[in-house]
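K.L.:
Sharing target_21.csv (CSV, C-alpha atoms and all ligand atoms) below.
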```csv
chain,number,residue,atom,x,y,z
A,1,MET,CA,56.4,-1.3,25.9
A,2,ALA,CA,56.2,0.3,29.3
A,3,GLU,CA,54.0,-1.3,31.9
A,4,LEU,CA,51.7,0.7,34.1
A,5,THR,CA,49.8,-0.6,37.0
A,6,ARG,CA,46.1,-0.2,37.7
A,7,THR,CA,44.7,0.7,41.1
A,8,LEU,CA,42.6,-1.9,42.9
A,9,PRO,CA,39.0,-1.4,41.8
A,10,ALA,CA,36.6,0.5,44.0
A,11,SER,CA,34.7,-2.6,44.9
A,12,TRP,CA,37.7,-3.8,46.9
A,13,TYR,CA,37.2,-0.9,49.2
A,14,CYS,CA,33.5,-1.6,49.9
A,15,SER,CA,33.0,-5.3,50.0
A,16,SER,CA,32.6,-7.4,53.2
A,17,PRO,CA,33.3,-10.8,51.5
A,18,LEU,CA,36.5,-9.3,49.9
A,19,TYR,CA,37.5,-8.0,53.4
A,20,GLN,CA,37.0,-11.5,54.8
A,21,LEU,CA,39.3,-12.8,52.0
A,22,GLU,CA,41.9,-10.2,52.8
A,23,ARG,CA,41.7,-11.1,56.5
A,24,ARG,CA,42.6,-14.7,55.7
A,25,ALA,CA,45.0,-13.9,52.8
A,26,VAL,CA,46.8,-10.9,54.2
A,27,PHE,CA,46.2,-10.2,57.9
A,28,LEU,CA,46.6,-13.7,59.3
A,29,LYS,CA,49.9,-14.2,57.4
A,30,SER,CA,51.7,-10.9,58.2
A,31,TRP,CA,53.9,-9.3,60.8
A,32,TYR,CA,52.9,-6.2,62.9
A,33,LEU,CA,55.0,-3.6,64.6
A,34,LEU,CA,53.7,-3.5,68.2
A,35,GLY,CA,56.2,-0.8,69.3
A,36,PRO,CA,59.7,-0.1,70.5
A,37,VAL,CA,60.7,-2.0,73.6
A,38,VAL,CA,60.3,1.2,75.7
A,39,ARG,CA,56.5,0.7,75.3
A,40,PHE,CA,56.7,-2.4,77.5
A,41,LEU,CA,58.8,-1.4,80.5
A,42,GLU,CA,56.5,-2.5,83.3
A,43,VAL,CA,56.8,-6.2,84.2
A,44,GLY,CA,53.4,-7.9,84.0
A,45,GLU,CA,51.5,-5.0,82.3
A,46,LYS,CA,49.5,-6.3,79.3
A,47,VAL,CA,49.5,-4.0,76.3
A,48,SER,CA,46.5,-5.0,74.2
A,49,TYR,CA,45.9,-4.8,70.4
A,50,GLU,CA,43.1,-5.8,68.1
A,51,ILE,CA,44.2,-6.5,64.6
A,52,ALA,CA,41.7,-7.9,62.1
A,53,GLN,CA,39.3,-8.9,64.9
A,54,GLN,CA,42.0,-10.8,66.7
A,55,GLN,CA,42.8,-9.8,70.3
A,56,ILE,CA,46.4,-10.1,71.2
A,57,TYR,CA,48.6,-8.7,74.0
A,58,ALA,CA,52.3,-8.1,74.6
A,59,VAL,CA,53.7,-8.4,78.1
A,60,ARG,CA,57.1,-8.1,79.7
A,61,GLU,CA,57.5,-11.2,81.8
A,62,SER,CA,60.9,-10.6,83.3
A,63,ALA,CA,63.5,-7.8,83.7
A,64,THR,CA,66.9,-9.2,82.9
A,65,THR,CA,68.1,-5.9,81.5
A,66,GLU,CA,67.1,-2.2,81.7
A,67,PHE,CA,65.1,-2.5,78.5
A,68,PRO,CA,63.2,-5.7,77.7
A,69,GLY,CA,64.8,-8.0,75.2
A,70,PRO,CA,63.6,-11.1,73.3
A,71,LYS,CA,63.7,-13.2,76.5
A,72,ASP,CA,61.6,-10.8,78.5
A,73,LEU,CA,58.8,-10.0,76.0
A,74,LYS,CA,56.1,-12.4,75.0
A,75,VAL,CA,53.0,-12.0,72.8
A,76,PHE,CA,49.8,-14.0,73.3
A,77,ASP,CA,46.5,-14.6,71.7
A,78,ALA,CA,44.1,-13.1,74.2
A,79,SER,CA,41.3,-15.6,73.3
A,80,THR,CA,43.2,-18.9,73.5
A,81,GLY,CA,46.2,-17.8,75.7
A,82,ALA,CA,48.5,-19.4,73.1
A,83,GLU,CA,51.9,-17.7,72.6
A,84,LEU,CA,52.3,-16.1,69.2
A,85,PRO,CA,55.5,-15.8,67.1
A,86,SER,CA,57.3,-12.5,68.0
A,87,HIS,CA,60.6,-10.9,67.3
A,88,VAL,CA,62.7,-8.1,68.9
A,89,THR,CA,65.1,-6.5,66.5
A,90,PRO,CA,68.7,-5.8,67.6
A,91,THR,CA,68.0,-2.0,68.1
A,92,GLY,CA,64.7,-2.5,70.0
A,93,LEU,CA,61.4,-2.9,68.0
A,94,LEU,CA,58.9,-5.6,68.9
A,95,PHE,CA,57.0,-7.3,66.0
A,96,ALA,CA,54.5,-10.1,66.2
A,97,THR,CA,52.1,-12.2,64.1
A,98,LEU,CA,48.4,-13.1,64.6
A,99,SER,CA,48.9,-16.8,63.9
A,100,SER,CA,51.6,-19.4,63.3
A,101,SER,CA,50.6,-19.5,59.6
A,102,ALA,CA,52.7,-16.4,59.0
A,103,PRO,CA,56.2,-16.9,57.5
A,104,SER,CA,59.2,-16.2,59.8
A,105,PHE,CA,60.2,-12.6,60.6
A,106,HIS,CA,63.3,-12.7,58.4
A,107,GLU,CA,61.5,-14.4,55.5
A,108,PHE,CA,58.7,-11.8,55.7
A,109,PHE,CA,60.9,-8.7,56.0
A,110,GLY,CA,64.1,-9.7,54.3
A,111,ASP,CA,66.6,-6.8,54.8
A,112,LEU,CA,64.6,-4.7,57.2
A,113,GLU,CA,67.0,-5.0,60.2
A,114,GLN,CA,69.9,-3.5,58.2
A,115,LEU,CA,67.9,-0.3,57.8
A,116,LEU,CA,66.6,-0.3,61.4
A,117,ALA,CA,70.2,-0.6,62.7
A,118,ARG,CA,70.7,3.1,62.3
A,119,VAL,CA,68.2,4.0,65.1
A,120,ASP,CA,68.5,3.1,68.8
A,121,PHE,CA,64.8,2.7,69.6
A,122,THR,CA,65.4,2.9,73.4
A,123,LYS,CA,66.2,6.6,73.3
A,124,ARG,CA,62.7,8.1,72.9
A,125,PRO,CA,60.4,7.3,75.9
A,126,TYR,CA,56.7,6.4,75.4
A,127,ARG,CA,54.5,9.5,75.9
A,128,ARG,CA,50.9,8.9,74.7
A,129,SER,CA,48.5,6.8,72.6
A,130,ILE,CA,45.2,7.7,70.9
A,131,ARG,CA,42.7,5.8,68.8
A,132,TYR,CA,39.5,6.6,66.9
A,133,GLU,CA,37.4,5.3,64.0
A,134,GLY,CA,37.0,6.8,60.6
A,135,ASN,CA,34.7,6.1,57.7
A,136,PHE,CA,37.1,4.7,55.2
A,137,ASN,CA,38.6,1.3,54.2
A,138,TRP,CA,42.0,0.4,55.6
A,139,LYS,CA,43.5,0.6,52.1
A,140,THR,CA,42.2,4.2,51.6
A,141,MET,CA,44.5,5.3,54.4
A,142,VAL,CA,47.4,3.2,53.3
A,143,ASP,CA,47.0,4.5,49.7
A,144,GLY,CA,47.5,8.0,51.1
A,145,TYR,CA,50.5,7.1,53.3
A,146,GLN,CA,52.3,5.5,50.4
A,147,GLU,CA,52.4,8.5,48.2
A,148,CYS,CA,53.0,12.3,48.6
A,149,LEU,CA,51.2,13.7,45.6
A,150,HIS,CA,48.5,14.9,48.0
A,151,CYS,CA,51.0,16.5,50.5
A,152,GLN,CA,51.3,20.0,49.0
A,153,TYR,CA,47.5,20.4,48.8
A,154,THR,CA,46.5,18.6,52.0
A,155,HIS,CA,49.5,19.3,54.3
A,156,PRO,CA,50.6,22.9,53.8
A,157,SER,CA,52.5,22.9,57.1
A,158,PHE,CA,54.3,19.6,56.5
A,159,SER,CA,55.2,20.6,52.9
A,160,VAL,CA,57.2,23.5,54.2
A,161,TYR,CA,59.6,21.1,55.9
A,162,TYR,CA,59.4,18.3,53.3
A,163,PRO,CA,58.8,19.7,49.8
A,164,PRO,CA,57.1,17.0,47.8
A,165,THR,CA,59.3,17.6,44.7
A,166,PHE,CA,62.0,15.4,46.1
A,167,TYR,CA,59.8,12.9,47.9
A,168,THR,CA,60.8,9.3,47.0
A,169,VAL,CA,59.5,5.9,48.2
A,170,TYR,CA,61.8,2.9,48.0
A,171,ASN,CA,60.0,-0.5,48.1
A,172,HIS,CA,61.6,-3.5,49.8
A,173,GLN,CA,60.2,-6.9,50.8
A,174,ASN,CA,57.0,-6.1,52.7
A,175,PHE,CA,58.1,-2.6,53.7
A,176,SER,CA,58.7,0.8,52.1
A,177,GLN,CA,61.1,3.5,53.0
A,178,HIS,CA,60.0,7.1,52.5
A,179,VAL,CA,62.8,9.6,51.9
A,180,ALA,CA,61.7,13.2,51.9
A,181,ASP,CA,65.0,14.5,50.5
A,182,PRO,CA,67.3,12.0,48.6
A,183,LYS,CA,70.2,14.3,49.3
A,184,LYS,CA,69.7,13.6,53.0
A,185,PRO,CA,68.8,9.9,53.2
A,186,ASP,CA,69.7,9.7,56.9
A,187,ASP,CA,67.4,12.6,57.8
A,188,GLY,CA,64.8,10.7,59.9
A,189,LEU,CA,63.4,7.3,59.2
A,190,PHE,CA,59.9,6.9,57.7
A,191,LEU,CA,58.7,3.4,57.1
A,192,TYR,CA,55.6,1.5,56.0
A,193,PHE,CA,55.3,-2.1,57.1
A,194,PHE,CA,52.9,-4.2,55.0
A,195,PRO,CA,50.0,-4.4,55.6
A,196,THR,CA,49.0,-1.8,58.2
A,197,CYS,CA,51.8,-0.4,60.4
A,198,THR,CA,54.0,2.7,60.0
A,199,LEU,CA,57.0,4.2,61.9
A,200,ASN,CA,58.0,7.8,61.7
A,201,VAL,CA,61.3,8.9,63.4
A,202,TYR,CA,62.7,12.4,63.1
A,203,GLY,CA,64.4,14.7,65.5
A,204,GLY,CA,63.6,13.8,69.1
A,205,GLY,CA,60.2,12.4,68.2
A,206,MET,CA,58.8,9.1,67.0
A,207,SER,CA,55.3,8.0,66.1
A,208,SER,CA,53.8,4.8,65.0
A,209,PHE,CA,50.3,4.1,63.7
A,210,ARG,CA,48.3,1.0,62.9
A,211,VAL,CA,45.5,1.1,60.4
A,212,CYS,CA,43.1,-1.5,61.9
A,213,PRO,CA,40.3,-2.8,59.7
A,214,THR,CA,36.9,-3.4,61.3
A,215,GLU,CA,34.3,-6.0,60.1
A,216,ASN,CA,32.7,-3.1,58.2
A,217,PRO,CA,34.9,-2.5,55.1
A,218,GLY,CA,34.0,1.2,55.2
A,219,VAL,CA,35.1,1.7,58.8
A,220,THR,CA,38.7,1.7,60.1
A,221,ARG,CA,40.2,2.3,63.5
A,222,MET,CA,43.3,4.4,63.6
A,223,GLU,CA,45.7,3.8,66.5
A,224,PHE,CA,48.7,6.1,67.2
A,225,ASP,CA,51.5,5.8,69.7
A,226,TYR,CA,53.8,8.8,70.4
A,227,TYR,CA,57.3,8.8,71.7
A,228,HIS,CA,59.7,11.8,72.4
A,229,ILE,CA,63.0,12.4,74.2
A,230,GLU,CA,61.4,15.5,75.8
A,231,GLU,CA,58.2,15.9,77.8
A,232,GLY,CA,56.2,19.1,78.5
A,233,ASP,CA,56.0,21.8,75.9
A,234,LYS,CA,58.5,20.3,73.4
A,235,PHE,CA,56.5,17.1,73.3
A,236,GLU,CA,53.2,19.0,73.0
A,237,ASP,CA,54.5,21.0,70.1
A,238,TYR,CA,55.6,17.8,68.3
A,239,PHE,CA,52.3,16.1,69.1
A,240,LYS,CA,50.3,19.1,67.8
A,241,PHE,CA,52.2,19.1,64.5
A,242,THR,CA,51.8,15.4,63.9
A,243,ARG,CA,48.1,15.5,64.9
A,244,GLN,CA,47.5,18.3,62.4
A,245,VAL,CA,48.9,16.1,59.6
A,246,ALA,CA,46.9,13.1,60.8
A,247,ILE,CA,43.7,15.1,60.9
A,248,GLU,CA,44.3,16.3,57.3
A,249,ASP,CA,44.8,12.8,56.1
A,250,PHE,CA,41.7,11.6,58.0
A,251,GLU,CA,39.5,14.1,56.3
A,252,LEU,CA,41.0,13.3,52.9
A,253,CYS,CA,40.3,9.6,53.4
A,254,GLU,CA,36.7,10.1,54.4
A,255,LYS,CA,36.1,12.1,51.2
A,256,ALA,CA,38.0,9.6,49.0
A,257,GLN,CA,35.9,6.7,50.5
A,258,THR,CA,32.7,8.5,49.8
A,259,ASN,CA,33.7,8.7,46.1
A,260,LEU,CA,34.7,5.0,46.1
A,261,GLU,CA,31.3,4.0,47.6
A,262,ARG,CA,29.2,6.3,45.4
A,263,GLY,CA,30.8,5.1,42.2
A,264,VAL,CA,32.4,8.5,41.5
A,265,TYR,CA,35.8,6.8,41.3
A,266,GLY,CA,36.1,3.2,39.9
A,267,GLU,CA,39.6,2.4,38.9
A,268,GLY,CA,42.6,4.2,37.5
A,269,ILE,CA,46.3,4.1,36.4
A,270,LEU,CA,49.0,4.7,39.0
A,271,ASN,CA,51.9,7.1,38.4
A,272,PRO,CA,54.9,4.8,38.0
A,273,GLU,CA,57.2,7.2,39.7
A,274,LYS,CA,55.2,9.2,42.3
A,275,GLU,CA,52.9,6.3,43.3
A,276,SER,CA,55.3,3.4,43.2
A,277,GLY,CA,54.6,2.8,47.0
A,278,VAL,CA,50.9,2.5,46.3
A,279,ALA,CA,51.5,0.1,43.3
A,280,TYR,CA,53.9,-2.0,45.5
A,281,TYR,CA,51.6,-2.6,48.4
A,282,GLN,CA,48.4,-3.0,46.3
A,283,GLU,CA,50.2,-5.6,44.2
A,284,ARG,CA,51.0,-7.5,47.4
A,285,VAL,CA,47.3,-7.4,48.5
A,286,PHE,CA,46.2,-8.5,45.0
A,287,GLU,CA,48.6,-11.4,44.8
A,288,LEU,CA,47.8,-12.7,48.3
A,289,VAL,CA,44.1,-12.3,47.8
A,290,GLN,CA,44.2,-14.0,44.4
A,291,GLN,CA,46.2,-16.9,45.7
A,292,GLN,CA,43.9,-17.3,48.7
A,293,PHE,CA,40.9,-17.2,46.4
A,294,LYS,CA,42.4,-19.9,44.2
A,295,ASP,CA,43.4,-22.1,47.1
A,296,GLU,CA,40.0,-21.9,48.8
A,297,ARG,CA,38.1,-22.5,45.6
A,298,TYR,CA,40.3,-25.4,44.6
A,299,LEU,CA,39.9,-27.0,48.1
A,300,SER,CA,36.1,-26.6,48.1
A,301,ASP,CA,35.6,-28.0,44.6
A,302,SER,CA,38.7,-29.6,43.1
A,303,GLN,CA,36.6,-30.7,40.1
A,304,ASN,CA,36.0,-27.1,38.9
A,305,GLU,CA,38.5,-25.3,36.8
A,306,ARG,CA,40.4,-22.8,38.9
A,307,PRO,CA,39.0,-19.2,38.7
A,308,THR,CA,41.0,-16.3,37.3
A,309,ILE,CA,41.2,-12.7,38.4
A,310,THR,CA,42.1,-10.1,35.7
A,311,SER,CA,45.7,-8.8,35.7
A,312,ARG,CA,46.3,-5.3,37.0
A,313,VAL,CA,49.1,-4.5,34.6
A,314,VAL,CA,48.3,-2.4,31.6
A,315,GLU,CA,50.7,-2.4,28.6
A,316,THR,CA,51.3,0.9,26.8
A,317,GLU,CA,53.5,2.2,24.1
A,318,ALA,CA,56.7,3.4,25.6
B,1,FE,FE,49.0,12.7,54.0
```
Can the structure from this file be put into structure tokens for me?
P.N.:
Amino acid sequence: MAELTRTLPASWYCSSPLYQLERRAVFLKSWYLLGPVVRFLEVGEKVSYEIAQQQIYAVRESATTEFPGPKDLKVFDASTGAELPSHVTPTGLLFATLSSSAPSFHEFFGDLEQLLARVDFTKRPYRRSIRYEGNFNWKTMVDGYQECLHCQYTHPSFSVYYPPTFYTVYNHQNFSQHVADPKKPDDGLFLYFFPTCTLNVYGGGMSSFRVCPTENPGVTRMEFDYYHIEEGDKFEDYFKFTRQVAIEDFELCEKAQTNLERGVYGEGILNPEKESGVAYYQERVFELVQQQFKDERYLSDSQNERPTITSRVVETEA
């Protein structure tokens, strides 16, 4: 018997109570990439973020070395002023959580630093950030990032450089590595960090985006940060290329969300090879939400039998 995985049902992309459950189950217990240390060069400058309706900021408090290290960088809850758990990786990425209820960085990401060691994240200066809202659920965007079946149709310019035939996603603990050509595994670094952050390094450029849910499950704010070794025309060419891909994804997500909200699409089976990245992260969402639901229901009424949520695994004849 082979096992195939179902997608999350369409209702999970449209429900406010479900989003509130995700917020407690997933967002308050995860780690977020805030940026490479070159994003935080100015001592005292607060770099602000809003993730799942929580305002936080990162600040360089001291300058003991050229680039800020773990002793120089701090992350705070903007509402309470409390310091939040943060971590600077050996090659220069700053991660943080939204609350102390998250596991430790190393518990959460396991072997991530081993993979990050191949890139010196101080080499590409910060150039630009942009943000805007779109009419789609945060998972609609992550679904698209985690597979490349849509690439040839949606991204004709991207597909010239990265033919989707060879595109492979390797899932690790709370992150996925995307490899465009398995014969060249060191050609760039493309990572998804569960639940909402990405990092894309190739050539002299680097971009990172955060998929930020709003309180409306059908609206998501996209936030992009761009880095490049060059400024001027070379950076602008890179920026134009990556923006083109992002706009194509944005349009696809708004159309997909319309289908989810109108009942055109309900639920389906994921391709075990080409959509393994989608299956991996959706399973994490499902498990965490299911556990949170059980825990909260159990706490609120311990006399009741614990509720169950139907399994997403489908058994088929091999
Ligand atoms: Fe795409």
K.L.:
Given the choices A:Phe286, A:Phe136, A:Phe241, A:Phe190, which gets closest to Val26 (chain A) if the distance is worked out from only C-alpha atoms?
P.N.:
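The answer is A:Phe286, which sits nearest to Val26 (chain A).
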K.L.:
List as JSON, numbers by chain the protein and nucleic acid residues lying within 12 Å of ligand FE 1 (chain B), with all atoms listed in the file counted.
P.N.:
{"A": [140, 141, 142, 143, 144, 145, 146, 147, 148, 149, 150, 151, 152, 153, 154, 155, 156, 157, 158, 159, 162, 164, 242, 243, 244, 245, 246, 247, 248, 249, 250, 251, 252, 253]}
K.L.:
Just to confirm, what's the straight-line distance from CA of Lys240 (chain A) to CA of Gly205 (chain A) in Å (one decimal)?
P.N.:
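Going from CA of Lys240 (chain A) over to CA of Gly205 (chain A), I get 12.0 Å.
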K.L.:
Rounded to one decimal, what separation in Å do you get between CA of Ile56 (chain A) and CA of Pro217 (chain A)?
P.N.:
21.2 Å
K.L.:
Which residue out of A:Glu133, A:Glu296, A:Glu66, A:Asp72 has the minimum interatomic distance to Arg221 (chain A) when only C-alpha atoms are used?
P.N.:
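That would be A:Glu133, the residue with the smallest distance to Arg221 (chain A).
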K.L.:
With all atoms listed in the file as the basis for distance, which of A:Ser276, A:Ser101, A:Gln292, A:Gln55 is at the shortest distance from Ser176 (chain A)?
P.N.:
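Of A:Ser276, A:Ser101, A:Gln292, A:Gln55, the one nearest Ser176 (chain A) is A:Ser276, counting all atoms listed in the file.
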K.L.:
Any idea what the distance is between CA of Leu260 (chain A) and CA of Gln20 (chain A)?
P.N.:
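Those two atoms sit 18.8 Å apart.
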K.L.:
Using only C-alpha atoms, which residue out of A:Thr168, A:Arg127, A:Leu34, A:Tyr202 lies closest to Gly232 (chain A)?
P.N.:
A:Arg127
